[in-house]
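Next up, my_file_5.cif (mmCIF, C-alpha atoms):
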```cif
data_upload
loop_
_atom_site.label_atom_id
_atom_site.label_comp_id
_atom_site.auth_asym_id
_atom_site.auth_seq_id
_atom_site.Cartn_x
_atom_site.Cartn_y
_atom_site.Cartn_z
CA MET A 629 -78.61 -64.51 -172.82
CA ALA A 630 -78.90 -64.05 -176.56
CA GLU A 631 -82.67 -63.90 -176.28
CA GLU A 632 -82.37 -60.99 -173.82
CA ARG A 633 -80.31 -59.06 -176.36
CA ILE A 634 -82.85 -59.35 -179.17
CA PRO A 635 -85.21 -56.53 -178.03
CA ALA A 636 -82.25 -54.21 -177.44
CA TYR A 637 -80.81 -55.08 -180.84
CA ARG A 638 -84.14 -54.46 -182.55
CA GLU A 639 -84.46 -51.09 -180.81
CA HIS A 640 -80.91 -50.18 -181.82
CA LEU A 641 -81.71 -51.17 -185.40
CA THR A 642 -84.81 -49.00 -185.29
CA ARG A 643 -82.78 -45.98 -184.15
CA ARG A 644 -80.26 -46.57 -186.93
CA THR A 645 -83.11 -46.87 -189.43
CA ILE A 646 -84.62 -43.58 -188.28
CA LEU A 647 -81.23 -41.90 -188.54
CA CYS A 648 -80.74 -43.22 -192.09
CA VAL A 649 -84.23 -42.09 -193.11
CA LEU A 650 -83.66 -38.55 -191.81
CA ILE A 651 -80.27 -38.25 -193.52
CA ALA A 652 -81.65 -39.63 -196.80
CA ALA A 653 -84.55 -37.17 -196.68
CA LEU A 654 -82.17 -34.28 -196.05
CA LEU A 655 -79.83 -35.25 -198.90
CA LEU A 656 -82.75 -35.74 -201.28
CA GLY A 657 -84.01 -32.27 -200.41
CA VAL A 658 -80.59 -30.77 -201.16
CA LEU A 659 -80.46 -32.57 -204.52
CA VAL A 660 -83.89 -31.43 -205.74
CA GLY A 661 -84.18 -28.14 -203.87
CA GLY A 662 -83.47 -25.91 -206.85
CA ARG A 663 -86.35 -27.43 -208.80
CA LEU A 664 -89.04 -26.86 -206.17
CA PRO A 665 -90.92 -23.79 -204.89
CA ASP A 666 -90.29 -22.35 -201.44
CA LEU A 667 -91.27 -24.97 -198.85
CA SER A 668 -90.21 -23.01 -195.77
CA ALA A 669 -93.74 -22.49 -194.40
CA ALA A 670 -94.68 -26.15 -194.78
CA THR A 671 -91.31 -27.23 -193.40
CA LYS A 672 -91.77 -25.14 -190.26
CA LYS A 673 -95.19 -26.70 -189.61
CA LEU A 674 -93.99 -30.26 -190.23
CA LEU A 675 -90.96 -29.75 -188.01
CA ARG A 676 -93.02 -28.43 -185.14
CA LEU A 677 -95.66 -31.15 -185.46
CA GLY A 678 -92.91 -33.74 -185.41
CA VAL A 679 -91.43 -32.17 -182.30
CA VAL A 680 -94.85 -32.19 -180.62
CA LEU A 681 -95.23 -35.93 -181.27
CA LEU A 682 -91.77 -36.56 -179.86
CA GLY A 683 -93.35 -35.65 -176.52
CA LEU A 684 -94.87 -39.14 -176.51
CA GLN A 685 -91.35 -40.53 -176.18
CA LEU A 686 -90.49 -38.48 -173.09
CA SER A 687 -91.52 -39.02 -169.50
CA LEU A 688 -91.49 -35.79 -167.50
CA PRO A 689 -90.15 -37.42 -164.31
CA VAL A 690 -86.95 -38.00 -166.31
CA VAL A 691 -86.56 -34.22 -166.61
CA LEU A 692 -86.93 -33.82 -162.86
CA GLU A 693 -84.35 -36.56 -162.31
CA LEU A 694 -81.68 -34.69 -164.28
CA GLY A 695 -80.55 -32.89 -161.16
CA PRO A 696 -79.42 -29.29 -160.63
CA GLY A 697 -75.95 -29.90 -162.07
CA VAL A 698 -77.31 -30.90 -165.48
CA LEU A 699 -79.79 -28.02 -165.53
CA VAL A 700 -76.98 -25.57 -164.74
CA ALA A 701 -74.96 -27.18 -167.54
CA VAL A 702 -77.86 -26.53 -169.93
CA VAL A 703 -78.06 -22.84 -169.05
CA ALA A 704 -74.27 -22.42 -169.17
CA THR A 705 -73.97 -24.20 -172.53
CA VAL A 706 -76.73 -22.13 -174.13
CA ALA A 707 -75.33 -18.86 -172.75
CA VAL A 708 -71.71 -19.56 -173.72
CA THR A 709 -72.65 -20.80 -177.19
CA PHE A 710 -75.00 -17.90 -177.91
CA LEU A 711 -72.68 -15.14 -176.70
CA GLY A 712 -69.56 -16.84 -178.04
CA THR A 713 -71.04 -17.34 -181.50
CA ARG A 714 -72.06 -13.70 -181.76
CA TRP A 715 -68.57 -12.67 -180.65
CA ILE A 716 -66.92 -14.99 -183.19
CA GLY A 717 -69.20 -13.65 -185.91
CA GLY A 718 -68.06 -10.14 -185.10
CA LEU A 719 -64.41 -11.18 -185.25
CA LEU A 720 -65.03 -12.75 -188.66
CA GLY A 721 -66.66 -9.55 -189.93
CA LEU A 722 -70.07 -11.14 -190.53
CA PRO A 723 -73.33 -9.14 -190.30
CA ARG A 724 -74.76 -8.88 -186.80
CA GLY A 725 -78.09 -10.33 -187.95
CA LEU A 726 -76.47 -13.44 -189.41
CA SER A 727 -74.36 -13.97 -186.28
CA THR A 728 -77.44 -13.66 -184.06
CA LEU A 729 -79.47 -16.12 -186.14
CA VAL A 730 -76.65 -18.65 -186.15
CA ALA A 731 -76.05 -18.16 -182.42
CA THR A 732 -79.71 -18.82 -181.62
CA GLY A 733 -80.01 -21.84 -183.89
CA PHE A 734 -76.81 -23.51 -182.73
CA SER A 735 -77.31 -22.86 -179.02
CA ILE A 736 -80.99 -23.79 -178.71
CA CYS A 737 -82.91 -25.81 -181.29
CA GLY A 738 -81.73 -25.34 -184.85
CA ALA A 739 -84.00 -24.14 -187.62
CA SER A 740 -86.96 -23.71 -185.25
CA ALA A 741 -84.96 -21.21 -183.21
CA VAL A 742 -83.86 -19.38 -186.37
CA ALA A 743 -87.50 -19.15 -187.42
CA ALA A 744 -88.50 -17.87 -183.99
CA VAL A 745 -85.89 -15.11 -183.79
CA GLU A 746 -85.70 -13.92 -187.40
CA GLY A 747 -88.77 -11.74 -186.92
CA VAL A 748 -87.27 -9.72 -184.04
CA VAL A 749 -83.79 -8.92 -185.39
CA GLU A 750 -82.55 -6.78 -188.24
CA ARG A 751 -81.38 -9.21 -190.89
CA ARG A 752 -81.34 -9.81 -194.62
CA ASP A 753 -83.36 -12.58 -196.27
CA GLU A 754 -80.14 -14.29 -197.31
CA ASP A 755 -79.04 -14.30 -193.66
CA VAL A 756 -82.04 -16.50 -192.78
CA ALA A 757 -81.36 -18.92 -195.64
CA THR A 758 -77.68 -19.09 -194.76
CA SER A 759 -78.43 -19.72 -191.07
CA VAL A 760 -80.81 -22.57 -191.89
CA ALA A 761 -78.24 -24.06 -194.26
CA LEU A 762 -75.49 -23.84 -191.65
CA VAL A 763 -77.55 -25.30 -188.82
CA THR A 764 -78.72 -28.13 -191.06
CA LEU A 765 -75.21 -28.92 -192.30
CA PHE A 766 -73.38 -28.76 -189.00
CA GLY A 767 -76.25 -30.24 -187.00
CA THR A 768 -76.14 -33.26 -189.28
CA LEU A 769 -72.37 -33.53 -188.85
CA ALA A 770 -72.77 -33.38 -185.05
CA MET A 771 -75.58 -35.95 -185.25
CA LEU A 772 -73.22 -38.34 -187.04
CA ALA A 773 -69.98 -37.56 -185.19
CA LEU A 774 -71.02 -37.63 -181.53
CA PRO A 775 -72.36 -41.22 -181.52
CA LEU A 776 -69.14 -42.33 -183.24
CA LEU A 777 -67.19 -40.63 -180.44
CA GLY A 778 -69.18 -42.56 -177.86
CA ALA A 779 -70.90 -39.45 -176.53
CA SER A 780 -73.22 -39.87 -173.57
CA PRO A 781 -76.94 -39.15 -174.03
CA LEU A 782 -76.58 -36.01 -171.89
CA TRP A 783 -73.74 -34.72 -174.08
CA ILE A 784 -75.78 -35.43 -177.23
CA GLY A 785 -78.76 -33.55 -175.79
CA LEU A 786 -76.54 -30.60 -174.89
CA SER A 787 -74.73 -30.40 -178.22
CA VAL A 788 -76.78 -31.53 -181.23
CA HIS A 789 -78.70 -28.71 -182.89
CA GLU A 790 -82.15 -30.00 -183.93
CA VAL A 791 -84.59 -31.89 -181.71
CA GLY A 792 -85.07 -34.48 -184.44
CA GLN A 793 -81.32 -34.89 -184.78
CA VAL A 794 -81.05 -35.55 -181.04
CA ALA A 795 -83.78 -38.18 -181.31
CA ALA A 796 -81.89 -39.87 -184.13
CA ALA A 797 -78.41 -39.64 -182.55
CA ALA A 798 -79.19 -40.74 -178.98
CA PRO A 799 -78.98 -44.46 -178.13
CA ALA A 800 -82.28 -46.13 -177.36
CA SER A 801 -81.32 -46.66 -173.72
CA GLY A 802 -80.54 -42.97 -173.26
CA LEU A 803 -83.19 -41.37 -175.48
CA ALA A 804 -85.28 -40.13 -172.55
CA ALA A 805 -82.30 -38.43 -170.89
CA ALA A 806 -81.07 -36.88 -174.17
CA MET A 807 -84.54 -35.56 -175.01
CA ALA A 808 -84.99 -34.22 -171.48
CA VAL A 809 -81.77 -32.21 -171.81
CA LYS A 810 -82.75 -31.01 -175.28
CA LEU A 811 -86.19 -29.99 -174.00
CA SER A 812 -84.47 -27.94 -171.33
CA ARG A 813 -82.51 -26.13 -174.06
CA VAL A 814 -85.67 -25.54 -176.10
CA ALA A 815 -87.37 -24.07 -173.05
CA LEU A 816 -84.78 -21.26 -173.10
CA LEU A 817 -85.95 -20.14 -176.54
CA ALA A 818 -88.65 -17.84 -175.14
CA PRO A 819 -86.35 -15.74 -172.89
CA VAL A 820 -83.66 -15.58 -175.60
CA VAL A 821 -86.16 -14.32 -178.19
CA ALA A 822 -87.42 -11.75 -175.68
CA LEU A 823 -83.88 -10.56 -174.90
CA VAL A 824 -82.77 -10.43 -178.53
CA GLY A 825 -85.90 -8.61 -179.60
CA GLY A 826 -85.66 -6.07 -176.79
CA GLY A 827 -89.42 -6.21 -176.35
CA ARG A 828 -90.15 -6.14 -180.08
CA GLY A 829 -92.44 -9.07 -180.82
CA SER A 830 -93.00 -10.89 -184.09
CA GLY A 831 -96.65 -11.67 -183.38
CA ALA A 832 -95.72 -15.14 -182.09
CA PRO A 833 -96.55 -16.26 -178.55
CA VAL A 834 -93.78 -15.80 -175.99
CA VAL A 835 -93.85 -19.54 -175.31
CA PRO A 836 -93.85 -21.39 -178.67
CA LEU A 837 -97.01 -23.44 -179.10
CA PHE A 838 -95.05 -26.45 -180.30
CA LEU A 839 -93.23 -26.46 -176.95
CA VAL A 840 -96.57 -26.39 -175.13
CA GLY A 841 -97.72 -29.34 -177.23
CA PHE A 842 -94.49 -31.22 -176.61
CA VAL A 843 -94.79 -30.81 -172.83
CA GLY A 844 -98.51 -31.64 -172.96
CA LEU A 845 -97.96 -34.97 -174.72
CA ALA A 846 -95.00 -35.75 -172.46
CA ALA A 847 -97.24 -35.14 -169.45
CA LEU A 848 -99.93 -37.37 -170.95
CA ARG A 849 -97.38 -40.13 -171.60
CA SER A 850 -96.12 -39.77 -168.02
CA THR A 851 -99.56 -40.69 -166.64
CA GLY A 852 -99.19 -44.20 -168.06
CA VAL A 853 -102.72 -44.21 -169.51
CA LEU A 854 -101.62 -44.48 -173.15
CA PRO A 855 -101.37 -48.01 -174.56
CA GLN A 856 -98.17 -49.14 -176.25
CA VAL A 857 -99.85 -49.17 -179.66
CA VAL A 858 -100.45 -45.40 -179.36
CA LEU A 859 -96.84 -44.78 -178.33
CA ASP A 860 -95.57 -46.88 -181.25
CA GLY A 861 -97.89 -45.08 -183.66
CA GLY A 862 -96.67 -41.74 -182.35
CA LYS A 863 -93.06 -42.76 -182.97
CA VAL A 864 -93.84 -43.70 -186.58
CA ALA A 865 -95.80 -40.49 -187.17
CA ALA A 866 -93.03 -38.38 -185.64
CA THR A 867 -90.45 -40.06 -187.87
CA VAL A 868 -92.54 -39.40 -190.98
CA LEU A 869 -93.08 -35.75 -190.06
CA LEU A 870 -89.43 -35.17 -189.17
CA ALA A 871 -88.29 -36.86 -192.39
CA ALA A 872 -90.59 -34.58 -194.38
CA ALA A 873 -89.24 -31.59 -192.44
CA MET A 874 -85.65 -32.69 -193.12
CA PHE A 875 -86.50 -32.87 -196.81
CA GLY A 876 -87.90 -29.35 -196.62
CA LEU A 877 -84.82 -28.10 -194.79
CA GLY A 878 -82.67 -29.73 -197.45
CA THR A 879 -84.49 -27.85 -200.21
CA ALA A 880 -83.49 -24.58 -198.51
CA VAL A 881 -79.80 -25.49 -198.75
CA ARG A 882 -78.17 -24.06 -201.84
CA PRO A 883 -74.60 -25.39 -201.92
CA LYS A 884 -73.47 -22.79 -204.46
CA ALA A 885 -75.04 -19.95 -202.48
CA LEU A 886 -73.49 -21.27 -199.29
CA LEU A 887 -70.09 -21.36 -200.95
CA ARG A 888 -70.62 -17.83 -202.28
CA THR A 889 -71.15 -16.68 -198.69
CA GLY A 890 -67.50 -17.41 -198.33
CA PRO A 891 -65.42 -19.33 -195.85
CA ARG A 892 -66.30 -16.94 -193.04
CA ALA A 893 -69.87 -18.24 -192.67
CA LEU A 894 -68.68 -21.83 -192.85
CA ALA A 895 -66.01 -21.04 -190.27
CA LEU A 896 -68.67 -19.55 -187.98
CA GLY A 897 -70.77 -22.72 -188.26
CA ALA A 898 -67.78 -24.96 -187.58
CA LEU A 899 -66.54 -22.90 -184.64
CA SER A 900 -70.02 -22.59 -183.13
CA THR A 901 -70.47 -26.37 -183.36
CA LEU A 902 -67.12 -26.94 -181.65
CA LEU A 903 -68.12 -24.37 -179.03
CA VAL A 904 -71.45 -25.99 -178.15
CA CYS A 905 -69.95 -29.49 -178.13
CA GLY A 906 -66.93 -28.43 -176.10
CA THR A 907 -68.94 -26.40 -173.62
CA GLY A 908 -71.46 -29.20 -173.23
CA TRP A 909 -68.72 -31.72 -172.47
CA ALA A 910 -66.90 -29.37 -170.08
CA THR A 911 -69.99 -28.37 -168.11
CA LEU A 912 -71.05 -31.99 -167.70
CA ALA A 913 -67.56 -32.92 -166.53
CA LEU A 914 -67.52 -30.08 -164.00
CA LEU A 915 -71.09 -30.16 -162.74
CA THR A 916 -72.16 -33.81 -162.82
#
```

Any chance you could put this one into structure tokens?
Amino acid sequence: MAEERIPAYREHLTRRTILCVLIAALLLGVLVGGRLPDLSAATKKLLRLGVVLLGLQLSLPVVLELGPGVLVAVVATVAVTFLGTRWIGGLLGLPRGLSTLVATGFSICGASAVAAVEGVVERRDEDVATSVALVTLFGTLAMLALPLLGASPLWIGLSVHEVGQVAAAAPASGLAAAMAVKLSRVALLAPVVALVGGGRGSGAPVVPLFLVGFVGLAALRSTGVLPQVVLDGGKVAATVLLAAAMFGLGTAVRPKALLRTGPRALALGALSTLLVCGTGWATLALLT
């Protein structure tokens, strides 16, 4: 019996190790961020490459097995979080651009969503930096809190902000389901960007290329032709890339600047996180 538990324990230890590496990279980035040049361009590329390689950990039939109830929960959670966050931002007296960036990042896929939408909305440069800081801070808190609360993989996939954070927070046994739900949220990025921009493009493809790569590798993995050594190598490479991206995201966080933004921006991040987590839990309870 004990021998049967060893592989599961090792996999659990691996997930915990990945989580610790990502958190350490993020904190290190925050500590040294003021001493480094702007890493936003490199961070965006590393983050998207890491997300693409995460496709090797997902089997597409798992997405199809989610069922209509879960897919409806995804759409409802994204819609409620996006619209609710913009409404809360207005109540708090925050700029419309900042509220929209935060709403997109918290409802869909974190910093990648902020980067995708910032070119099609009227915003200030500090709004982008603040949004990335908020989504990094509160996404990390959600990544840590939900597993401690015993959240199901589906709830984690519906609620945690970044794709990499979902990969770190989900239990090994439920990683495929959590990533399938998260992928479904990411797939809504294209229509949201189109709606927010009102037809004004930023020069980026309507469907993000990193999403195409993610689905492509997931489809390749689903064929069963890839040997285990390739899948293991992909997991290591994805962890390295995501850790580097977390470091880059950390360098964009300026604690003093975030505090200067005032409690209203922090309140928006906290309320939006509670909204996405609460809506995710409620929709799963009602629809599944």

Problem - Spatial neighbours of Lys863 in chain A, max dist 8 Å, all atoms listed in the file, sep filter under 5 positions, as an MDAnalysis selection string - result: chainID A and resid 681:682 684:685

Those residues you just picked out, can you put them in a file as a PDB file, in the coordinates of the input with C-alpha atoms?
```pdb
ATOM      1  CA  LEU A 681     -95.230 -35.930-181.270  1.00  0.00           C
ATOM      2  CA  LEU A 682     -91.770 -36.560-179.860  1.00  0.00           C
ATOM      3  CA  LEU A 684     -94.870 -39.140-176.510  1.00  0.00           C
ATOM      4  CA  GLN A 685     -91.350 -40.530-176.180  1.00  0.00           C
TER       5      GLN A 685
END
```

Handout entry: Expected selection from the PyMOL selection byres ((chain A and resi 674-676) around 6), given as a list in words
Key =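 Given this file, the PyMOL selection byres ((chain A and resi 674-676) around 6) evaluates to Thr671, Lys672, Lys673, Leu677, Gly678, Val679, Phe838, Leu869, Leu870 and Ala873 of chain A.
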
Handout entry: Radius query 9 Å about (-72.4, -23.9, -187.9), atoms used: only C-alpha atoms, as number ranges by chain
Key = A: 730-731, 733-734, 759, 761-767, 893-902

Grab the residues selected above and save them as a CSV table (one decimal), keeping the file's coordinate frame with C-alpha atoms.
```
chain,number,residue,atom,x,y,z
A,730,VAL,CA,-76.6,-18.6,-186.2
A,731,ALA,CA,-76.0,-18.2,-182.4
A,733,GLY,CA,-80.0,-21.8,-183.9
A,734,PHE,CA,-76.8,-23.5,-182.7
A,759,SER,CA,-78.4,-19.7,-191.1
A,761,ALA,CA,-78.2,-24.1,-194.3
A,762,LEU,CA,-75.5,-23.8,-191.6
A,763,VAL,CA,-77.6,-25.3,-188.8
A,764,THR,CA,-78.7,-28.1,-191.1
A,765,LEU,CA,-75.2,-28.9,-192.3
A,766,PHE,CA,-73.4,-28.8,-189.0
A,767,GLY,CA,-76.2,-30.2,-187.0
A,893,ALA,CA,-69.9,-18.2,-192.7
A,894,LEU,CA,-68.7,-21.8,-192.8
A,895,ALA,CA,-66.0,-21.0,-190.3
A,896,LEU,CA,-68.7,-19.6,-188.0
A,897,GLY,CA,-70.8,-22.7,-188.3
A,898,ALA,CA,-67.8,-25.0,-187.6
A,899,LEU,CA,-66.5,-22.9,-184.6
A,900,SER,CA,-70.0,-22.6,-183.1
A,901,THR,CA,-70.5,-26.4,-183.4
A,902,LEU,CA,-67.1,-26.9,-181.6
```

Exercise for the section: Measure the distance from CA of Val788 in chain A to CA of Leu776 in chain A in Å and round it to one decimal. Expected result: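 Value for the CA of Val788 in chain A-CA of Leu776 in chain A distance: 13.4 Å.
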
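Comparing A:Ala866, A:Leu782, A:Ala670, A:Leu664 by their smallest distance to Thr916 in chain A, the closest is A:Leu782 (using all atoms listed in the file).
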
Practice task
Pull out every residue that the PyMOL selection byres ((chain A and resi 790-794) around 10) matches in the shown coordinates and put them as a ChimeraX atom specification.
Solution key: /A:646-647,650-651,675-676,678-679,682,733-741,763-764,767-772,781,784-789,795-799,803,806-807,809-811,813-814,866-867,869-871,873-874

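CA of Ser850 in chain A sits 14.5 Å away from CA of Gly862 in chain A.
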
Practice task
Select, from A:Ser780, A:Gln856, A:Ser812, A:Thr879, the residue with the minimum atom-to-atom distance to Leu688 in chain A, counting all atoms listed in the file.
Solution key: A:Ser812

Handout entry: Pick from A:Gly861, A:Gly697, A:Gly852, A:Gly844, whichever lies nearest to Leu912 in chain A using all atoms listed in the file
Key =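 Among A:Gly861, A:Gly697, A:Gly852, A:Gly844, it is A:Gly697 that comes nearest to Leu912 in chain A.
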
Handout entry: Point-to-point distance in Å for CA of Thr728 in chain A and CA of Pro891 in chain A
Key = 17.8 Å

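If only C-alpha atoms are the atoms counted, then among A:Val857, A:Leu686, A:Val749, A:Val756 the closest residue to Ala805 in chain A is A:Leu686.
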
Exercise for the section: Apply the PyMOL selection byres ((chain A and resi 878) around 7) to the displayed file and report the matching residues as JSON, numbers by chain. Expected result: {"A": [654, 655, 657, 658, 661, 874, 875, 876, 877, 879, 880, 881]}

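Considering all atoms listed in the file, the residue among A:Ser668, A:Val703, A:Gly778, A:Thr713 positioned nearest to Ala743 in chain A is A:Ser668.
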
Handout entry: Proximity to Gly712 in chain A - best of A:Ser727, A:Ala872, A:Gly908, A:Pro665, all atoms listed in the file
Key =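 Of A:Ser727, A:Ala872, A:Gly908, A:Pro665, the one nearest Gly712 in chain A, counting all atoms listed in the file, is A:Ser727.
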
Might you pull out every residue within 9 Å of Pro696 in chain A, with only C-alpha atoms counted and same-chain residues fewer than 3 positions away left off, and present them as a PDB file with C-alpha atoms, in the frame of the given file?
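Everything below was put into part-v8.pdb:
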```
ATOM      1  CA  GLU A 693     -84.350 -36.560-162.310  1.00  0.00           C
ATOM      2  CA  LEU A 699     -79.790 -28.020-165.530  1.00  0.00           C
ATOM      3  CA  VAL A 700     -76.980 -25.570-164.740  1.00  0.00           C
ATOM      4  CA  ALA A 701     -74.960 -27.180-167.540  1.00  0.00           C
ATOM      5  CA  LEU A 915     -71.090 -30.160-162.740  1.00  0.00           C
ATOM      6  CA  THR A 916     -72.160 -33.810-162.820  1.00  0.00           C
TER       7      THR A 916
END
```
